[in-house]
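Comments concern the structure below.
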Amino acid sequence: MELERIDNIPTETISGYRVRPGKPLPFGVSSVPGGLNFSVYTSAGTSCTLVLFSRSEMSPLAEIKIPDHYRIGDVYSIAVYDLDYEDIEYGFRIGGPFEPDKGNRFDPTNILMDPYSRVIAGRDEWGVDPDWDRAYQYRSRVAFDDFDWQGDSPLEIDDAKLVIYELHVRSFTKSDTSGVKFKGTYAGIVEKIPYLKALGINAVELMPVFEFDEFENSRTHPDTGEKLYNYWGYSTVAFFAPKAGFASSGRFGMQVDEFKQLVKELHKEGIEVILDVVFNHTAEGNERGPSISFKGLDNKIYYMLTPEGYYFNFSGTGNTLNCNNPVVRNLVLDCLRYWAAEYHIDGFRFDLASILGRDPWGAPLSNPPLLESLAFDPILSSCKLIAEAWDAGGLYQVGTFPAYGRWSEWNGKYRDTARRYLKGDNDQIGQMAQRVQGSPDLYQSNGRSPATSINFITCHDGFTLADLVSFNDKHNEANGENNSDGGNDNYSWNCGAEGWTEDLGIRALRSKQSMNAIGMLMTSRGTPMLLMGDEFGRSQHGNNNAYCIDSEISWVDWSLLESNRSLYEFTQALIRFRHQHECLRINHFDHHGSSHFPSCSFHGTTPWKVDWSPESKQLSWLMSCDNIETGLMDAVYVATNMAHYATWFELPTLPNEYKWQLCFNTGDSDNPCQALPVDFSDSGILAGERSLLIFTVSPRET
Amino acid sequence: MALTIEVVQNDVHVTITLAGDVDTKTAPELLSKLVALELNVLEQLRLDLQAVNFVSSAGLRAIVFAKQKMPHESTLYVIGASEQIIETITKTGLGNAIKIVESADNI
């Protein structure tokens with residue numbers, strides 16, 4: 001006889017609902033037979049009331065004051081029975097002192113979002129003006145884990161084989177020119193997967209998709225009257241919830257399924273999903289910002305506060321999450337584990353990650369517990385962990401970020417050096433030689449590998465590639481801040497005219513410079529990252545900080561794919577070339593090279609002889625390894641001439657059994673990439689002004 | 001709009017014909033009809049949605065629930081669903097579990 005379980009029977013009735021003491025773990029809401037378990041942490045709160053709503057209703061369905069004897073330690077938990085899971089929205093009221101100067105901001109008149117919410121209602125469709133009269137704006141809902149993954153799991157692609165493509169969910173397909181049905185959404189990206197596959201990238205890095213509010217600090221442009229948003233979303237409302245407004249099914253509350261479908265479909269085509277995550281601050285701002293969740297649950301625990309109770313602002317956005325508090329650290333860990341396990345996410349890129357290594361008073365820690373926990377976490381062990389290794393408080397840790405053998409970094413020095421070399425600045429040859437071989441000056445001495453370096457020339461922050469070669473200065477007037485926002489160290493060069501021009505010579509030079517940039521990126525050791533649309537000349541019209549712009553300035557213009565077809569084909573061919581040549585992807589600094597050449601050697605216009613002088617504008621690199629299976633040598637020789645005049649390059653001498661083949665020549669505007677490599681028997685080649693050439697080797701027929 | 005549910009059982013399959021909206025309020029009615037079937041041995045289930053305007057996430061989850069309870073080699077047909085319903089099913093990945101047909105003649 002099967003015994004009836006008695007451990008899930010309600011023990012009392014409160015506010016008309018059958019309840020029993022809940023389980024303190026897991027935090028948030030979880031299913032128990034016949035009901036839902038709610039659990040929330042507050043160390044200094046003195047009371048907790050669960051507030052239930054029917055979907056979208058203004059007034060609560062019920063308020064259930066959780067009895068004090070239901071509290072274990074600092075955790076209130078309660079199991080409530082007979083709820084309609086699909087219909088319920090919930091939040092909490094937390095009692096306690098309101099003493100901002102002591103760091104406490106309890107206010108039981110306010111309904112707080114569950115920090116562990118897995119679905120948020122209230123911003124279901126992008127750009128639909130919220131009803132600000134609602135007492136409860138970001139409404140916690142119940143998520144389901146009934147998605148049919150059909151055997152999918154994270155891809156675990158070797159770091160050294162990745163080619164990352166950074167994109168913003170809405171910008172990628174919002175334009176009519178995208179040709180997709182579900183514009184600006186997760187489903188829209190699914191429609192573009194054949195394009196991504198054909199391009200050859202094997203990871204997408206999605207700019208923030210955790211639920212944020214595009215209406216946070218939204219405003220109207222003082223001159224144009226255009227609405228300006230929190231468009232990029234680097235300001236998290238709910239860490240466990242995908243942004244509903246990015247889902248075409250968000251109005252049905254099905255953003256969880258739509259996002260999972262995106263991950264599954266990308267994985268089917270061999271493309272990993274990396275999320276850009278923002279744990280350094282939240283959408284609650286400083287003392288003038290709203291109290292959404294953390295502020296009212298436990299302000300002193302979640303935020304770094306001055307002794308007077310003000311918010312430290314290392315993020316530059318109002319507050320700083322107290323990530324090395326053990327409770328907050330667990331929240332971050334729980335969050336990432338959840339995304340890895342529940343959404344099959346392959347990696348995370350941490351915005352302003354250096355903040356995560358500061359102690360509660362802001363000082364950098366030598367052994368930050370959060371970064372260490374993430375590095376050694378059993379569930380995250382195969383996830384890529386990528387740091388933006390600086391913060392807005394002046395901490396710059398490129399090369400010194402506490403890595404524990406696991407973390408890689410956005411290499412800002414790669415970006416700056418490649419840009420300066422590209423535009424012909426002096427004093428760049430030595431730096432460039434470091435960047436091309438995976439930045440051993442930054443990563444070798446501490447035992448890290450070339451793939452530690454995420455190499456990029458452009459990313460969402462700053463100019464697009466087309467703008468990098470079209471503007472000397474930023475043009476951020478559309479942001480409504482008198483062009484005072486955005487960085488000024490762009491290392492850009494407009495090739496002779498600021499912005500759009502009819503001058504065919506300038507336009508041709510810009511196209512060549514774009515190819516030169518992509519050529520350097522794809523032949524450098526380390527992990528290359530492209531910004532969406534750079535492969536066909538996407539422009540933001542000189543705006544280098546379009547964080548607030550929801551218009552054609554930000555949206556990818558897919559018509560450029562046709563008008564800049566040669567740049568696209570050049571990029572596509574180079575990505576394929578990178579995948580074919582292992583010597584470009586060697587992932588340790590002590591690699592011995594091939595039987596004929598060192599692993600990575602540098603040359604000038606004369607083989608084996610580099611002009612390291614400040615005025616030098618020519619550098620070549622030769623990378624080589626032996627193919628273990630075929631026994632043949634793999635070698636790639638890249639010659640770059642960033643001078644404004646053509647220069648003769650002697651090629652290194654090959655062993656008799658090999659011959660050079662020319663694959664790419666940006667100086668040949670009619671034919672910058674060869675459909676088939678062309679045998680090359682001359683001893684050298686004239687590299688055109690500001691040009692890049694790429695050769696490989698092939699065995700001679702005997 | 002109210003939901004009417006008609007269940008017809010024959011030797012090899014069950015047909016459930018719905019009329020109205022399957023929203024958060026009415027989805028539990030569909031779920032209770034599904035639960036009442038012997039799903040674990042059912043080889044084929046046909047859901048006729050020709051007279052349905054709207055299916056909420058709760059309604060879609062009831063359908064997923066049914067398929068998960070049915071044997072692996074069983075088939076769940078959704079008949080005559082509107083374009084919008086089919087789109088929602090497809091883009092949220094629920095389409096893997098079911099077969100979408102225009103009418104019962106296509107089965």
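Following the order of the structure tokens, chains are lettered A, B, ..., residues in each are numbered from 1, and ligands are numbered from 1.
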Taking 3 positions as the minimum chain separation for residues in the same chain, which residues sit within 10 Å of Gln540 (chain A) when counting only C-alpha atoms? Answer as a list of chain:residue names.
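Skipping anything fewer than 3 positions along the chain leaves A:Gly462, A:Phe463, A:Thr464, A:Leu465, A:Ala466, A:Asp467, A:His475, A:Asn476, A:Gly537, A:Asn543, A:Asn544, A:Asn545, A:Ala546, A:Glu552, A:Ile553, A:Ser554, A:Trp555, A:Val556, A:Asp557.
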Write the selection just made, keeping C-alpha atoms, as a short mmCIF file (atom, residue, chain, number, x, y, z; two decimals), in the first residue's frame?
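Output file part-v4.cif is given in full below:
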```
data_model
loop_
_atom_site.label_atom_id
_atom_site.label_comp_id
_atom_site.auth_asym_id
_atom_site.auth_seq_id
_atom_site.Cartn_x
_atom_site.Cartn_y
_atom_site.Cartn_z
CA GLY A 462 32.68 53.29 -29.29
CA PHE A 463 32.71 53.59 -33.05
CA THR A 464 31.60 50.86 -35.41
CA LEU A 465 34.31 49.82 -37.84
CA ALA A 466 32.88 51.91 -40.66
CA ASP A 467 32.77 54.94 -38.36
CA HIS A 475 29.16 62.97 -33.11
CA ASN A 476 26.78 62.14 -30.29
CA GLY A 537 30.11 48.53 -42.99
CA ASN A 543 27.80 58.23 -32.70
CA ASN A 544 30.23 56.39 -30.43
CA ASN A 545 27.84 55.86 -27.52
CA ALA A 546 24.35 55.05 -28.84
CA GLU A 552 18.02 53.63 -37.51
CA ILE A 553 21.20 55.01 -35.90
CA SER A 554 21.44 51.85 -33.81
CA TRP A 555 19.60 49.35 -36.00
CA VAL A 556 21.62 47.25 -38.41
CA ASP A 557 20.94 48.40 -41.98
#
```
Chain A contacts on chain B, only C-alpha atoms, 12 Å, as a PyMOL selection string
chain B and resi 23-28+54-69+84-98
Generate a file of the selected residues that holds C-alpha atoms, formatted as a compact mmCIF listing (two decimals), in the first residue's frame.
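Saved the output as out_3.txt:
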```txt
# COMPACT_ATOMS: atom_id res chain seq x y z
CA ASP B 23 -6.89 31.96 -21.82
CA THR B 24 -5.63 31.93 -18.24
CA LYS B 25 -9.19 31.57 -16.97
CA THR B 26 -10.27 28.74 -19.28
CA ALA B 27 -7.00 26.82 -19.71
CA PRO B 28 -7.54 24.92 -16.44
CA PHE B 54 -6.54 32.77 -28.89
CA VAL B 55 -4.40 30.35 -26.91
CA SER B 56 -2.53 31.77 -23.92
CA SER B 57 0.71 30.46 -22.52
CA ALA B 58 -1.37 28.48 -20.02
CA GLY B 59 -3.23 26.81 -22.88
CA LEU B 60 0.00 25.97 -24.70
CA ARG B 61 1.44 24.51 -21.53
CA ALA B 62 -1.63 22.29 -21.14
CA ILE B 63 -0.88 20.94 -24.63
CA VAL B 64 2.80 20.38 -23.77
CA PHE B 65 1.69 18.67 -20.57
CA ALA B 66 -0.48 16.24 -22.54
CA LYS B 67 2.32 15.35 -24.94
CA GLN B 68 4.78 14.79 -22.13
CA LYS B 69 2.35 12.38 -20.46
CA GLN B 84 -0.97 33.53 -34.92
CA ILE B 85 -1.33 30.43 -32.78
CA ILE B 86 0.99 28.48 -35.09
CA GLU B 87 3.57 31.29 -34.96
CA THR B 88 3.53 31.32 -31.17
CA ILE B 89 3.90 27.55 -31.06
CA THR B 90 6.80 27.67 -33.51
CA LYS B 91 8.85 30.50 -32.15
CA THR B 92 8.66 29.29 -28.58
CA GLY B 93 9.89 25.84 -29.55
CA LEU B 94 6.69 23.99 -28.66
CA GLY B 95 6.29 22.85 -32.25
CA ASN B 96 8.77 20.02 -31.74
CA ALA B 97 6.33 18.03 -29.68
CA ILE B 98 3.31 18.28 -31.94
```
Excluding same-chain residues fewer than 4 positions from Arg141 (chain A), what lies within 6 Å of it counting only C-alpha atoms, as a PDB file with C-alpha atoms, in the first residue's frame?
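What ended up in part-v3.pdb:
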```pdb
ATOM      1  CA  GLU A  89       1.965  37.486  -9.849  1.00  0.00           C
ATOM      2  CA  VAL A 119       9.775  35.815 -15.198  1.00  0.00           C
ATOM      3  CA  ILE A 120       8.829  39.466 -14.938  1.00  0.00           C
TER       4      ILE A 120
END
```
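Selecting strand (DSSP E) from the backbone DSSP output for region 103-152 of chain A yields Asn104, Arg105, Val119, Ile120, Ala121, Arg139, Ser140 and Arg141 of chain A.
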Output file for the residues above (N, CA and C atoms, as an mmCIF file, in the first residue's frame):
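For reference, result_8.cif as written:
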```cif
data_model
loop_
_atom_site.group_PDB
_atom_site.id
_atom_site.type_symbol
_atom_site.label_atom_id
_atom_site.label_comp_id
_atom_site.auth_asym_id
_atom_site.auth_seq_id
_atom_site.Cartn_x
_atom_site.Cartn_y
_atom_site.Cartn_z
ATOM 1 N N ASN A 104 19.472 51.704 6.244
ATOM 2 C CA ASN A 104 18.228 50.929 6.155
ATOM 3 C C ASN A 104 17.150 51.719 5.422
ATOM 4 N N ARG A 105 16.493 51.044 4.481
ATOM 5 C CA ARG A 105 15.453 51.702 3.687
ATOM 6 C C ARG A 105 14.203 50.837 3.606
ATOM 7 N N VAL A 119 10.544 35.145 -14.152
ATOM 8 C CA VAL A 119 9.775 35.815 -15.198
ATOM 9 C C VAL A 119 9.269 37.121 -14.599
ATOM 10 N N ILE A 120 9.336 38.178 -15.399
ATOM 11 C CA ILE A 120 8.829 39.466 -14.938
ATOM 12 C C ILE A 120 7.715 39.924 -15.885
ATOM 13 N N ALA A 121 6.612 40.337 -15.297
ATOM 14 C CA ALA A 121 5.547 40.973 -16.077
ATOM 15 C C ALA A 121 5.593 42.469 -15.788
ATOM 16 N N ARG A 139 6.717 42.845 -11.950
ATOM 17 C CA ARG A 139 5.904 41.897 -11.205
ATOM 18 C C ARG A 139 6.429 40.472 -11.363
ATOM 19 N N SER A 140 6.783 39.876 -10.240
ATOM 20 C CA SER A 140 7.339 38.517 -10.264
ATOM 21 C C SER A 140 6.261 37.513 -10.690
ATOM 22 N N ARG A 141 6.657 36.590 -11.568
ATOM 23 C CA ARG A 141 5.758 35.521 -11.974
ATOM 24 C C ARG A 141 6.441 34.172 -11.793
#
```
Can you pull out every residue within 7 Å of region 324-333 of chain A, counting only C-alpha atoms, but drop anything in the same chain fewer than 2 positions away, and send it as a ChimeraX atom specification?
/A:302,322,335-337,359-360,369-370,374
Restricting the output to N, CA and C atoms, write the selected residues as a PDB file, in the first residue's frame.
```pdb
ATOM      1  N   TYR A 302      23.114  44.509   0.113  1.00  0.00           N
ATOM      2  CA  TYR A 302      23.252  44.420  -1.344  1.00  0.00           C
ATOM      3  C   TYR A 302      24.100  45.537  -1.960  1.00  0.00           C
ATOM      4  N   ASN A 322      27.190  45.012  -3.892  1.00  0.00           N
ATOM      5  CA  ASN A 322      28.191  44.615  -2.904  1.00  0.00           C
ATOM      6  C   ASN A 322      28.587  43.158  -3.134  1.00  0.00           C
ATOM      7  N   CYS A 335      22.540  32.803  -9.856  1.00  0.00           N
ATOM      8  CA  CYS A 335      22.052  33.350 -11.117  1.00  0.00           C
ATOM      9  C   CYS A 335      22.770  32.696 -12.298  1.00  0.00           C
ATOM     10  N   LEU A 336      24.087  32.678 -12.243  1.00  0.00           N
ATOM     11  CA  LEU A 336      24.841  32.145 -13.376  1.00  0.00           C
ATOM     12  C   LEU A 336      24.632  30.642 -13.525  1.00  0.00           C
ATOM     13  N   ARG A 337      24.547  29.964 -12.390  1.00  0.00           N
ATOM     14  CA  ARG A 337      24.255  28.527 -12.450  1.00  0.00           C
ATOM     15  C   ARG A 337      22.900  28.292 -13.108  1.00  0.00           C
ATOM     16  N   ASP A 359      36.434  45.157  -2.356  1.00  0.00           N
ATOM     17  CA  ASP A 359      35.851  44.814  -1.061  1.00  0.00           C
ATOM     18  C   ASP A 359      34.676  45.763  -0.763  1.00  0.00           C
ATOM     19  N   PRO A 360      33.931  45.532   0.342  1.00  0.00           N
ATOM     20  CA  PRO A 360      32.722  46.339   0.579  1.00  0.00           C
ATOM     21  C   PRO A 360      32.981  47.842   0.688  1.00  0.00           C
ATOM     22  N   PRO A 369      36.798  36.777  -3.445  1.00  0.00           N
ATOM     23  CA  PRO A 369      36.074  35.513  -3.289  1.00  0.00           C
ATOM     24  C   PRO A 369      35.060  35.246  -4.400  1.00  0.00           C
ATOM     25  N   LEU A 370      34.418  36.275  -4.905  1.00  0.00           N
ATOM     26  CA  LEU A 370      33.428  36.026  -5.955  1.00  0.00           C
ATOM     27  C   LEU A 370      34.102  35.493  -7.219  1.00  0.00           C
ATOM     28  N   LEU A 374      33.465  31.792  -8.860  1.00  0.00           N
ATOM     29  CA  LEU A 374      33.005  31.585 -10.227  1.00  0.00           C
ATOM     30  C   LEU A 374      33.992  30.699 -10.992  1.00  0.00           C
TER      31      LEU A 374
END
```
What residues in chain B get the DSSP label alpha helix (DSSP H)? Please answer as a ChimeraX atom specification.
/B:27-36,57-69,83-91
Would you export the selected residues with C-alpha atoms as a PDB file, in the first residue's frame, please?
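result_37.pdb was written with the following content:
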```pdb
ATOM      1  CA  ALA B  27      -7.004  26.822 -19.709  1.00  0.00           C
ATOM      2  CA  PRO B  28      -7.544  24.920 -16.436  1.00  0.00           C
ATOM      3  CA  GLU B  29     -10.770  23.499 -17.956  1.00  0.00           C
ATOM      4  CA  LEU B  30      -8.778  22.134 -20.886  1.00  0.00           C
ATOM      5  CA  LEU B  31      -6.151  20.784 -18.534  1.00  0.00           C
ATOM      6  CA  SER B  32      -8.756  18.960 -16.436  1.00  0.00           C
ATOM      7  CA  LYS B  33     -10.200  17.321 -19.571  1.00  0.00           C
ATOM      8  CA  LEU B  34      -6.714  16.216 -20.582  1.00  0.00           C
ATOM      9  CA  VAL B  35      -5.910  14.892 -17.135  1.00  0.00           C
ATOM     10  CA  ALA B  36      -9.105  12.817 -17.265  1.00  0.00           C
ATOM     11  CA  SER B  57       0.709  30.459 -22.523  1.00  0.00           C
ATOM     12  CA  ALA B  58      -1.368  28.476 -20.017  1.00  0.00           C
ATOM     13  CA  GLY B  59      -3.225  26.807 -22.883  1.00  0.00           C
ATOM     14  CA  LEU B  60      -0.003  25.965 -24.700  1.00  0.00           C
ATOM     15  CA  ARG B  61       1.436  24.513 -21.530  1.00  0.00           C
ATOM     16  CA  ALA B  62      -1.628  22.292 -21.142  1.00  0.00           C
ATOM     17  CA  ILE B  63      -0.881  20.940 -24.631  1.00  0.00           C
ATOM     18  CA  VAL B  64       2.795  20.380 -23.775  1.00  0.00           C
ATOM     19  CA  PHE B  65       1.687  18.665 -20.566  1.00  0.00           C
ATOM     20  CA  ALA B  66      -0.479  16.241 -22.542  1.00  0.00           C
ATOM     21  CA  LYS B  67       2.317  15.353 -24.944  1.00  0.00           C
ATOM     22  CA  GLN B  68       4.779  14.794 -22.135  1.00  0.00           C
ATOM     23  CA  LYS B  69       2.354  12.385 -20.457  1.00  0.00           C
ATOM     24  CA  GLU B  83      -1.614  31.630 -38.128  1.00  0.00           C
ATOM     25  CA  GLN B  84      -0.975  33.533 -34.917  1.00  0.00           C
ATOM     26  CA  ILE B  85      -1.325  30.433 -32.779  1.00  0.00           C
ATOM     27  CA  ILE B  86       0.994  28.481 -35.093  1.00  0.00           C
ATOM     28  CA  GLU B  87       3.569  31.294 -34.955  1.00  0.00           C
ATOM     29  CA  THR B  88       3.529  31.324 -31.169  1.00  0.00           C
ATOM     30  CA  ILE B  89       3.904  27.554 -31.055  1.00  0.00           C
ATOM     31  CA  THR B  90       6.798  27.665 -33.515  1.00  0.00           C
ATOM     32  CA  LYS B  91       8.854  30.504 -32.154  1.00  0.00           C
TER      33      LYS B  91
END
```
As a ChimeraX atom specification, please: the residues near region 5-19 of chain B (cut-off 6 Å, only C-alpha atoms, same-chain neighbours under 5 positions excluded).
/B:44-49,51-52
What is the CA of Tyr637 (chain A) to CA of Leu662 (chain A) distance in Å?
9.4 Å
Measure the distance from CA of Trp493 (chain A) to CA of Asp276 (chain A) in Å and round it to one decimal.
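Value for the CA of Trp493 (chain A)-CA of Asp276 (chain A) distance: 29.0 Å.
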When you look at Tyr421 (chain A) with a cut-off of 12 Å (counting only C-alpha atoms), what residues show up, excluding the ones that are within fewer than 4 positions of it in the same chain? I need them as an NGL selection string.
:A and (413-417 or 425-433 or 435-436 or 457 or 491-493 or 513 or 516-517 or 520 or 614-619 or 640-643 or 690-691)
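Excluding Trp660 (chain A) and any residue on its chain fewer than 3 positions from it, the residues at most 8 Å away by only C-alpha atoms are Leu654, Asp679, Phe680, Ser681, Phe695, Thr696, Val697 and Ser698 of chain A.
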Name the closest residue to Tyr165 (chain A) among the candidates A:Cys323, A:Leu52, A:Leu297, A:Ala203; distances are taken between atoms, counting only C-alpha atoms.
A:Ala203
Counting only C-alpha atoms, the residue of A:Tyr311, A:Trp621, A:Trp410, A:Phe98 that sits nearest Asn455 (chain A):
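Comparing A:Tyr311, A:Trp621, A:Trp410, A:Phe98 against Asn455 (chain A), the winner is A:Trp410.
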Could you work out how far CA of Glu287 (chain A) lies from CA of Phe215 (chain A), giving the answer in Å with one decimal?
18.5 Å
